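my_file-v7.cif follows; it contains mmCIF, C-alpha atoms.
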data_work
loop_
_atom_site.label_atom_id
_atom_site.label_comp_id
_atom_site.auth_asym_id
_atom_site.auth_seq_id
_atom_site.Cartn_x
_atom_site.Cartn_y
_atom_site.Cartn_z
CA MET J 2 0.00 0.00 0.00
CA LEU J 3 2.87 2.37 0.82
CA ASP J 4 4.33 1.70 -2.63
CA ILE J 5 1.09 2.82 -4.22
CA LEU J 6 0.93 5.96 -2.13
CA LYS J 7 4.52 6.81 -3.07
CA GLY J 8 3.81 6.31 -6.78
CA ARG J 9 6.06 3.30 -7.36
CA GLY J 10 3.52 0.69 -8.36
CA VAL J 11 3.37 -2.86 -7.03
CA ASN J 12 4.03 -6.37 -8.27
CA GLY J 13 1.10 -8.27 -9.76
CA ALA J 14 0.07 -11.88 -9.18
CA ASN J 15 2.69 -13.17 -11.67
CA GLY J 16 5.45 -10.81 -10.54
CA GLU J 17 4.92 -8.23 -13.28
CA LYS J 18 4.95 -4.56 -12.43
CA VAL J 19 1.46 -3.10 -12.08
CA GLY J 20 1.10 0.58 -12.89
CA LEU J 21 -0.84 3.10 -10.88
CA GLY J 22 -3.74 2.86 -13.30
CA SER J 23 -4.32 -0.72 -12.16
CA ILE J 24 -4.52 -0.17 -8.40
CA ARG J 25 -5.85 -3.20 -6.63
CA LYS J 26 -9.40 -2.95 -5.35
CA PRO J 27 -9.58 -3.38 -1.57
CA VAL J 28 -11.04 -6.64 -0.30
CA ILE J 29 -14.58 -5.83 0.82
CA GLY J 30 -16.27 -7.87 3.53
CA LEU J 31 -19.95 -7.91 4.43
CA ALA J 32 -21.05 -8.91 7.96
CA LEU J 33 -24.79 -9.65 8.11
CA GLY J 34 -26.43 -9.73 11.54
CA GLY J 35 -29.24 -11.87 12.92
CA GLY J 36 -32.88 -10.91 13.35
CA ALA J 37 -35.17 -13.62 11.84
CA ALA J 38 -37.78 -12.04 9.49
CA ARG J 39 -36.07 -8.66 9.79
CA GLY J 40 -33.28 -10.26 7.77
CA PHE J 41 -35.19 -9.52 4.57
CA ALA J 42 -33.73 -6.02 4.96
CA HIS J 43 -30.37 -7.63 4.11
CA ILE J 44 -31.72 -8.30 0.60
CA GLY J 45 -32.37 -4.60 0.05
CA ILE J 46 -28.90 -3.78 1.37
CA MET J 47 -27.26 -6.37 -0.85
CA ARG J 48 -29.10 -5.28 -3.97
CA THR J 49 -28.22 -1.62 -3.39
CA LEU J 50 -24.52 -2.31 -2.87
CA LEU J 51 -24.29 -4.45 -5.98
CA ALA J 52 -26.20 -1.90 -8.07
CA ASN J 53 -23.60 0.71 -7.10
CA GLY J 54 -20.60 -1.43 -7.94
CA ILE J 55 -19.81 -2.42 -4.35
CA VAL J 56 -19.26 -6.16 -4.68
CA PRO J 57 -18.29 -8.02 -1.48
CA ASP J 58 -15.41 -10.48 -1.71
CA VAL J 59 -16.15 -11.93 1.72
CA VAL J 60 -19.61 -12.55 3.19
CA VAL J 61 -20.12 -13.67 6.78
CA GLY J 62 -23.51 -14.08 8.39
CA THR J 63 -25.15 -14.94 11.69
CA SER J 64 -28.63 -16.51 11.87
CA ILE J 65 -30.80 -15.02 9.10
CA GLY J 66 -27.67 -13.16 7.97
CA ALA J 67 -26.10 -16.56 7.23
CA VAL J 68 -29.14 -17.52 5.15
CA VAL J 69 -29.10 -14.33 3.08
CA GLY J 70 -25.30 -14.37 2.77
CA GLY J 71 -25.16 -18.03 1.79
CA LEU J 72 -27.89 -17.70 -0.81
CA HIS J 73 -26.17 -14.64 -2.27
CA ALA J 74 -22.84 -16.45 -2.45
CA ALA J 75 -24.56 -19.34 -4.22
CA GLY J 76 -26.40 -17.04 -6.64
CA ARG J 77 -29.80 -18.00 -5.23
CA LEU J 78 -30.88 -14.79 -3.51
CA ASP J 79 -33.82 -14.37 -5.90
CA THR J 80 -35.31 -17.58 -4.51
CA LEU J 81 -35.51 -16.19 -0.99
CA GLU J 82 -37.00 -12.93 -2.21
CA GLU J 83 -39.63 -14.74 -4.27
CA TRP J 84 -40.52 -16.97 -1.29
CA GLY J 85 -40.95 -13.94 0.98
CA ARG J 86 -43.15 -12.13 -1.51
CA SER J 87 -45.30 -15.26 -1.93
CA LEU J 88 -46.27 -15.32 1.75
CA GLN J 89 -49.69 -13.74 2.11
CA GLY J 90 -50.04 -13.78 5.88
CA MET J 91 -49.46 -15.59 9.13
CA ARG J 92 -51.37 -18.64 7.85
CA ASN J 93 -48.62 -19.32 5.30
CA ILE J 94 -45.95 -18.97 7.96
CA LEU J 95 -47.73 -21.39 10.30
CA SER J 96 -47.55 -24.04 7.59
CA TYR J 97 -43.75 -24.07 7.98
CA LEU J 98 -43.85 -24.63 11.75
CA ASP J 99 -43.45 -28.35 12.41
CA ILE J 100 -44.15 -28.32 16.15
CA ARG J 101 -42.72 -31.24 18.11
CA LEU J 102 -42.58 -32.08 21.80
CA ASP J 103 -40.13 -34.97 21.67
CA GLY J 104 -36.95 -33.08 20.82
CA SER J 105 -34.75 -30.30 22.16
CA GLY J 106 -36.74 -27.53 20.47
CA LEU J 107 -40.37 -26.59 19.93
CA LEU J 108 -39.86 -26.76 16.15
CA GLY J 109 -38.11 -29.50 14.24
CA GLY J 110 -37.13 -27.13 11.45
CA GLU J 111 -37.39 -29.82 8.80
CA LYS J 112 -39.88 -27.90 6.64
CA LEU J 113 -37.68 -24.81 6.49
CA ALA J 114 -34.58 -26.93 5.86
CA THR J 115 -36.36 -28.71 3.00
CA ARG J 116 -37.25 -25.36 1.47
CA LEU J 117 -33.62 -24.26 1.64
CA GLU J 118 -32.41 -27.51 0.12
CA GLU J 119 -34.83 -27.05 -2.77
CA ALA J 120 -33.33 -23.61 -3.34
CA ILE J 121 -29.65 -24.38 -2.98
CA GLY J 122 -29.22 -28.15 -3.20
CA HIS J 123 -26.04 -29.74 -1.86
CA ILE J 124 -23.61 -26.93 -2.72
CA LEU J 125 -20.47 -26.92 -0.57
CA ILE J 126 -19.03 -23.78 1.00
CA GLU J 127 -15.66 -24.66 -0.53
CA ASP J 128 -17.18 -24.48 -4.02
CA LEU J 129 -18.72 -21.02 -3.66
CA PRO J 130 -17.25 -18.30 -5.90
CA ILE J 131 -16.61 -15.98 -2.91
CA LYS J 132 -15.48 -16.53 0.67
CA PHE J 133 -18.39 -17.34 2.96
CA ALA J 134 -18.70 -18.26 6.62
CA SER J 135 -21.66 -18.94 8.87
CA VAL J 136 -21.41 -18.27 12.62
CA ALA J 137 -22.88 -20.72 15.13
CA THR J 138 -22.53 -21.51 18.84
CA GLU J 139 -21.55 -24.87 20.34
CA VAL J 140 -24.11 -25.89 22.95
CA ARG J 141 -21.98 -27.40 25.71
CA THR J 142 -18.90 -25.19 25.52
CA GLY J 143 -20.18 -21.84 24.26
CA HIS J 144 -17.46 -21.86 21.57
CA GLU J 145 -17.97 -19.51 18.63
CA ILE J 146 -17.89 -21.74 15.55
CA TRP J 147 -17.11 -20.41 12.07
CA LEU J 148 -18.48 -22.84 9.49
CA THR J 149 -16.26 -22.51 6.42
CA ARG J 150 -16.54 -26.06 5.02
CA GLY J 151 -19.32 -28.48 4.24
CA ARG J 152 -22.85 -28.04 2.93
CA VAL J 153 -24.13 -24.48 2.78
CA VAL J 154 -27.59 -25.61 3.93
CA ASP J 155 -26.20 -27.22 7.08
CA ALA J 156 -24.19 -24.09 7.90
CA MET J 157 -27.28 -21.91 7.51
CA ARG J 158 -29.46 -24.20 9.58
CA ALA J 159 -26.96 -24.35 12.45
CA SER J 160 -26.62 -20.57 12.49
CA TYR J 161 -30.37 -19.87 12.81
CA ALA J 162 -31.17 -22.66 15.31
CA LEU J 163 -32.61 -20.40 18.02
CA PRO J 164 -32.30 -22.31 21.33
CA GLY J 165 -35.60 -23.63 22.58
CA ILE J 166 -37.34 -22.85 19.28
CA PHE J 167 -35.33 -24.95 16.82
CA SER J 168 -33.51 -28.17 17.64
CA PRO J 169 -29.69 -27.96 17.68
CA VAL J 170 -27.91 -29.11 14.52
CA LEU J 171 -25.17 -31.75 14.63
CA ILE J 172 -22.20 -30.88 12.40
CA GLY J 173 -19.17 -33.09 12.82
CA ASP J 174 -19.15 -33.94 16.51
CA ARG J 175 -20.56 -30.60 17.69
CA TRP J 176 -24.16 -29.67 18.50
CA LEU J 177 -24.67 -26.13 17.22
CA VAL J 178 -27.27 -23.41 17.80
CA ASP J 179 -27.81 -19.78 16.81
CA GLY J 180 -24.58 -17.80 16.36
CA ALA J 181 -26.21 -14.65 17.76
CA LEU J 182 -25.53 -16.04 21.23
CA VAL J 183 -21.86 -15.14 20.78
CA ASN J 184 -21.45 -12.90 17.71
CA PRO J 185 -24.67 -11.28 16.42
CA VAL J 186 -22.92 -9.11 13.80
CA PRO J 187 -19.76 -11.04 12.81
CA VAL J 188 -17.32 -8.25 11.98
CA SER J 189 -14.39 -10.18 13.48
CA ALA J 190 -15.02 -13.18 11.23
CA ALA J 191 -15.09 -11.00 8.11
CA ARG J 192 -11.74 -9.46 9.05
CA ALA J 193 -10.22 -12.86 9.79
CA LEU J 194 -11.22 -14.05 6.31
CA GLY J 195 -9.22 -11.23 4.74
CA ALA J 196 -11.60 -8.28 4.47
CA GLU J 197 -9.80 -4.92 4.42
CA ILE J 198 -13.03 -2.93 4.56
CA VAL J 199 -15.91 -4.40 6.57
CA ILE J 200 -19.47 -3.23 5.96
CA ALA J 201 -21.78 -4.48 8.70
CA ALA J 202 -25.58 -4.62 8.83
CA ASN J 203 -27.15 -4.52 12.30
CA LEU J 204 -30.88 -5.32 12.47
CA SER J 205 -31.34 -4.65 16.18
CA SER J 206 -30.14 -1.07 16.50
CA ASP J 207 -33.59 0.43 17.08
CA ILE J 208 -35.38 -2.34 19.00
CA PHE J 209 -34.62 -1.09 22.50
CA THR J 210 -32.75 2.18 21.76
CA HIS J 211 -31.50 3.10 25.25
CA SER J 212 -32.91 0.68 27.82
CA THR J 213 -33.05 1.92 31.39
CA THR J 214 -33.48 0.67 34.94
CA ILE J 215 -36.79 0.90 36.80
CA TYR J 216 -35.66 1.63 40.34
CA SER J 217 -38.95 1.18 42.19
CA HIS J 218 -41.75 -1.08 41.11
CA GLY J 219 -44.20 -3.33 42.90
CA ALA J 220 -47.38 -5.31 42.47
CA MET J 221 -50.27 -3.73 40.63
CA PRO J 222 -53.87 -4.31 41.77
CA ALA J 223 -55.45 -6.99 39.64
CA PRO J 224 -58.61 -5.84 37.84
CA VAL J 225 -61.74 -7.87 38.52
CA ARG J 226 -63.33 -9.06 35.31
CA ALA J 227 -66.75 -10.58 35.16
CA VAL J 228 -67.00 -13.53 32.79
CA PRO J 229 -70.30 -13.59 30.87
CA GLU J 230 -72.37 -16.65 31.60
CA GLU J 231 -72.82 -17.47 27.93
CA THR J 232 -69.01 -17.57 27.51
CA THR J 233 -68.50 -20.11 30.27
CA THR J 234 -71.42 -22.14 28.97
CA ALA J 235 -69.92 -22.17 25.49
CA LYS J 236 -66.57 -23.31 26.87
CA ARG J 237 -68.20 -26.19 28.69
CA ARG J 238 -70.24 -27.13 25.63
CA PHE J 239 -67.39 -26.92 23.11
CA PRO J 240 -64.21 -27.75 25.04
CA ARG J 241 -62.13 -28.64 21.95
CA LEU J 242 -62.69 -26.25 19.07
CA PHE J 243 -59.17 -26.74 17.74
CA SER J 244 -56.96 -29.69 16.93
CA ALA J 245 -53.97 -30.37 19.15
CA GLU J 246 -51.59 -28.85 16.59
CA LYS J 247 -53.65 -25.67 16.21
CA THR J 248 -53.88 -25.36 19.98
CA MET J 249 -50.10 -25.68 20.24
CA LYS J 250 -49.60 -23.01 17.60
CA ARG J 251 -52.00 -20.70 19.44
CA GLU J 252 -50.04 -21.24 22.63
CA PHE J 253 -46.81 -20.77 20.68
CA PHE J 254 -47.73 -17.25 19.56
CA GLY J 255 -49.86 -16.28 22.60
CA SER J 256 -52.79 -13.89 22.65
CA ALA J 257 -53.39 -10.16 22.99
CA GLY J 258 -53.44 -10.32 26.77
CA ARG J 259 -50.70 -12.88 27.37
CA PRO J 260 -47.37 -13.52 25.65
CA GLY J 261 -46.87 -16.95 24.13
CA ILE J 262 -43.86 -19.22 24.47
CA SER J 263 -42.27 -17.89 21.31
CA SER J 264 -42.72 -14.21 22.18
CA VAL J 265 -41.20 -14.68 25.65
CA MET J 266 -38.20 -16.54 24.25
CA VAL J 267 -37.75 -14.15 21.33
CA ASP J 268 -38.01 -11.07 23.54
CA ALA J 269 -35.47 -12.55 25.94
CA PHE J 270 -33.21 -13.36 23.00
CA ASN J 271 -33.66 -9.83 21.61
CA ILE J 272 -32.53 -8.31 24.91
CA MET J 273 -29.51 -10.57 25.09
CA GLN J 274 -28.60 -10.01 21.45
CA ASP J 275 -28.90 -6.24 21.83
CA ARG J 276 -26.45 -6.22 24.76
CA ILE J 277 -23.98 -8.56 23.05
CA THR J 278 -24.14 -6.60 19.79
CA ARG J 279 -23.37 -3.31 21.52
CA ALA J 280 -20.39 -4.86 23.31
CA ARG J 281 -18.99 -6.64 20.24
CA LEU J 282 -19.35 -3.62 17.92
CA ALA J 283 -17.75 -1.35 20.52
CA GLY J 284 -14.75 -3.68 20.79
CA ASP J 285 -14.41 -4.39 17.07
CA PRO J 286 -16.31 -1.75 15.10
CA PRO J 287 -16.83 -2.17 11.35
CA ASP J 288 -15.57 0.41 8.90
CA LEU J 289 -19.17 1.16 7.87
CA LEU J 290 -22.34 0.27 9.75
CA ILE J 291 -25.75 0.05 8.06
CA THR J 292 -28.70 0.14 10.46
CA PRO J 293 -32.10 -0.30 8.82
CA ARG J 294 -34.98 0.85 11.04
CA VAL J 295 -36.78 -2.48 11.36
CA GLY J 296 -37.40 -2.62 15.11
CA GLN J 297 -41.17 -2.45 14.65
CA PHE J 298 -41.19 -5.78 12.81
CA GLY J 299 -41.51 -9.08 14.67
CA TRP J 300 -39.32 -12.14 14.26
CA PHE J 301 -42.08 -14.03 12.45
CA ASP J 302 -43.19 -11.23 10.10
CA PHE J 303 -41.82 -13.02 7.05
CA HIS J 304 -44.95 -12.06 5.12
CA ARG J 305 -43.88 -8.39 5.34
CA SER J 306 -40.78 -9.01 3.25
CA GLU J 307 -41.53 -6.25 0.73
CA ASP J 308 -41.54 -3.55 3.42
CA LEU J 309 -38.40 -4.95 5.00
CA ILE J 310 -36.52 -5.09 1.69
CA ALA J 311 -37.49 -1.46 1.04
CA LEU J 312 -36.18 -0.37 4.46
CA GLY J 313 -32.91 -2.18 3.80
CA THR J 314 -32.62 -0.43 0.45
CA ARG J 315 -33.12 3.00 2.02
CA ALA J 316 -30.60 2.30 4.78
CA ALA J 317 -27.97 1.23 2.25
CA GLU J 318 -28.63 4.27 0.08
CA ARG J 319 -28.03 6.53 3.09
CA ALA J 320 -24.67 4.85 3.65
CA LEU J 321 -23.46 4.82 0.02
CA ASP J 322 -21.41 8.03 0.19
CA SER J 323 -19.60 6.88 3.34
CA ILE J 324 -18.88 3.46 1.83
CA GLN J 325 -17.54 4.92 -1.40
CA GLU J 326 -15.41 7.37 0.56
CA ALA J 327 -13.86 4.57 2.65
CA ILE J 328 -13.05 2.60 -0.51
CA HIS J 329 -11.45 5.65 -2.13
CA VAL J 330 -9.37 6.36 0.96
CA LEU J 331 -7.98 2.83 1.02
CA ALA J 332 -7.36 2.73 -2.74
CA PRO J 333 -6.70 6.36 -3.80
CA ALA J 334 -6.59 7.47 -7.39
CA PRO J 335 -3.18 7.74 -9.12
CA GLU J 336 -1.39 11.08 -8.79
CA GLY J 337 -2.51 13.52 -11.40
CA ALA J 338 -5.75 11.69 -12.09
CA ALA J 339 -9.07 13.45 -11.77
CA PRO J 340 -10.72 13.02 -8.37
CA LYS J 341 -13.12 10.12 -8.20
CA SER J 342 -16.76 10.96 -7.80
CA LEU J 343 -18.61 9.91 -4.67
CA GLU J 344 -21.89 9.90 -6.54
#
Conversion result in structure tokens:
Amino acid sequence: MLDILKGRGVNGANGEKVGLGSIRKPVIGLALGGGAARGFAHIGIMRTLLANGIVPDVVVGTSIGAVVGGLHAAGRLDTLEEWGRSLQGMRNILSYLDIRLDGSGLLGGEKLATRLEEAIGHILIEDLPIKFASVATEVRTGHEIWLTRGRVVDAMRASYALPGIFSPVLIGDRWLVDGALVNPVPVSAARALGAEIVIAANLSSDIFTHSTTIYSHGAMPAPVRAVPEETTTAKRRFPRLFSAEKTMKREFFGSAGRPGISSVMVDAFNIMQDRITRARLAGDPPDLLITPRVGQFGWFDFHRSEDLIALGTRAAERALDSIQEAIHVLAPAPEGAAPKSLE
């Protein structure tokens, strides 16, 4: 790099002298964070970067970030976008939830895994045209695992296996779960794989904003609610209006007055992920951070993909000037050349 700055040129891959007009493009890395359905914003970010000539050489993802990153690396991102746009509502999403009570998660995850396999097949990470890694967490040790070999589908599935919701995934001799437990926005992994400029996408920046401490709080008086007689009579007369599976799904999502199993676990995971993300980004900040405002979307709002993609697009557009500037600083124009436009 110093040789370039001093105007001497550098040696090329075969030892030949490369002039200043052929300055090497910096290695760009993309770190995609977790966030379930909010991950559709990653598609808008990716499309915007590519449309403006910012092509990542390294892609690393956690959870849904691993899914979007892996599909992009395999050239199958259109499949995910088409699937998201085909979902018409919560009913379609429920059809992918294979609830089970005999495993180590509420959902088996087989239906989602089958969908991914249909999209990407048995492609290996080693055969991808760009560097890709998926971040997962080992259950018993808490080790941060970077999956850089093997089937792309398995790496994705391990990275999004939210504990308690999805069953852990066995890869090699390790049981793996969601990588957001240890590295929600994997900037460090992108750097380790050779990225000189790391662009990170954080999907949880506006979920809690600045959480605080409630110093004094106690029990609230419980309101007395009268139950209409006809309601209790109907309950006694029709005790089983739903099948066991539908009842489980209702309990899974909860009701207006009471959180379900999934919402409690997801909210707890959101809080934990928010704290870990702040700590990790403070210790190893990316060169550019893209933060789409998707906090109002739930983890299971996959049917709102169009809105999420649009928010990702807008967030990336706001960051374009800063990204282009960072690239120009690392790889400046030759002396005497006209200044490069940031447009």
If you count only C-alpha atoms, which residues fall within 10 Å of Arg39 (chain J), apart from same-chain ones fewer than 6 positions away, as a PDB file with C-alpha atoms, keeping the file's coordinate frame?
ATOM      1  CA  ILE J  65     -30.800 -15.020   9.100  1.00  0.00           C
ATOM      2  CA  GLY J  66     -27.670 -13.160   7.970  1.00  0.00           C
ATOM      3  CA  LEU J 204     -30.880  -5.320  12.470  1.00  0.00           C
ATOM      4  CA  SER J 205     -31.340  -4.650  16.180  1.00  0.00           C
ATOM      5  CA  PRO J 293     -32.100  -0.300   8.820  1.00  0.00           C
ATOM      6  CA  ARG J 294     -34.980   0.850  11.040  1.00  0.00           C
ATOM      7  CA  VAL J 295     -36.780  -2.480  11.360  1.00  0.00           C
ATOM      8  CA  GLY J 296     -37.400  -2.620  15.110  1.00  0.00           C
ATOM      9  CA  GLN J 297     -41.170  -2.450  14.650  1.00  0.00           C
ATOM     10  CA  PHE J 298     -41.190  -5.780  12.810  1.00  0.00           C
ATOM     11  CA  GLY J 299     -41.510  -9.080  14.670  1.00  0.00           C
ATOM     12  CA  TRP J 300     -39.320 -12.140  14.260  1.00  0.00           C
ATOM     13  CA  PHE J 301     -42.080 -14.030  12.450  1.00  0.00           C
ATOM     14  CA  ASP J 302     -43.190 -11.230  10.100  1.00  0.00           C
ATOM     15  CA  PHE J 303     -41.820 -13.020   7.050  1.00  0.00           C
ATOM     16  CA  ARG J 305     -43.880  -8.390   5.340  1.00  0.00           C
ATOM     17  CA  SER J 306     -40.780  -9.010   3.250  1.00  0.00           C
ATOM     18  CA  ASP J 308     -41.540  -3.550   3.420  1.00  0.00           C
ATOM     19  CA  LEU J 309     -38.400  -4.950   5.000  1.00  0.00           C
ATOM     20  CA  ILE J 310     -36.520  -5.090   1.690  1.00  0.00           C
ATOM     21  CA  LEU J 312     -36.180  -0.370   4.460  1.00  0.00           C
ATOM     22  CA  GLY J 313     -32.910  -2.180   3.800  1.00  0.00           C
TER      23      GLY J 313
END
#### Entry: Residue neighbourhood Ala283 (chain J), 12 Å, only C-alpha atoms, exclusion window fewer than 6 positions, as JSON, numbers by chain
{"J": [186, 188, 189, 276, 277, 290]}
### Task
Choose the residue, out of J:Ala181, J:Ala37, J:Ile55, J:Ala134, that has the smallest atom-to-atom separation from Ala327 (chain J); count only C-alpha atoms.
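Of J:Ala181, J:Ala37, J:Ile55, J:Ala134, the one nearest Ala327 (chain J) is J:Ile55, counting only C-alpha atoms.
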What's the 12 Å shell around Pro286 (chain J), counting all atoms listed in the file, without same-chain residues fewer than 6 positions away, as a PDB file with C-alpha atoms, in the coordinates of the input?
ATOM      1  CA  ALA J  32     -21.050  -8.910   7.960  1.00  0.00           C
ATOM      2  CA  VAL J 186     -22.920  -9.110  13.800  1.00  0.00           C
ATOM      3  CA  PRO J 187     -19.760 -11.040  12.810  1.00  0.00           C
ATOM      4  CA  VAL J 188     -17.320  -8.250  11.980  1.00  0.00           C
ATOM      5  CA  SER J 189     -14.390 -10.180  13.480  1.00  0.00           C
ATOM      6  CA  ALA J 191     -15.090 -11.000   8.110  1.00  0.00           C
ATOM      7  CA  ARG J 192     -11.740  -9.460   9.050  1.00  0.00           C
ATOM      8  CA  ILE J 198     -13.030  -2.930   4.560  1.00  0.00           C
ATOM      9  CA  VAL J 199     -15.910  -4.400   6.570  1.00  0.00           C
ATOM     10  CA  ILE J 200     -19.470  -3.230   5.960  1.00  0.00           C
ATOM     11  CA  ALA J 201     -21.780  -4.480   8.700  1.00  0.00           C
ATOM     12  CA  ALA J 202     -25.580  -4.620   8.830  1.00  0.00           C
ATOM     13  CA  ASN J 203     -27.150  -4.520  12.300  1.00  0.00           C
ATOM     14  CA  THR J 278     -24.140  -6.600  19.790  1.00  0.00           C
ATOM     15  CA  ARG J 279     -23.370  -3.310  21.520  1.00  0.00           C
ATOM     16  CA  ALA J 280     -20.390  -4.860  23.310  1.00  0.00           C
TER      17      ALA J 280
END
#### Entry: Coordinates-based distance that separates CA of Ala38 (chain J) from CA of Ala316 (chain J) (Å, one decimal)
16.7 Å
### Query
the PyMOL selection byres ((chain J and resi 190) around 12) on the file shown: which residues, as a count of residues only?
41
#### Entry: Expected selection from the PyMOL selection byres ((chain J and resi 153-166) around 7), given as a VMD selection string
chain J and resid 63 to 65 67 to 68 71 105 to 108 114 117 to 118 124 to 126 135 to 137 148 151 to 152 167 to 170 177 to 180
### Message
Calculated over all atoms listed in the file, which of the candidates J:Gly54, J:Gly70, J:Gly40, J:Gly45 has the smallest distance to Gln325 (chain J)?
### Response
J:Gly54
## Note on the structure
Students should find that CA of Asn53 (chain J) and CA of Ile328 (chain J) are spaced 12.6 Å
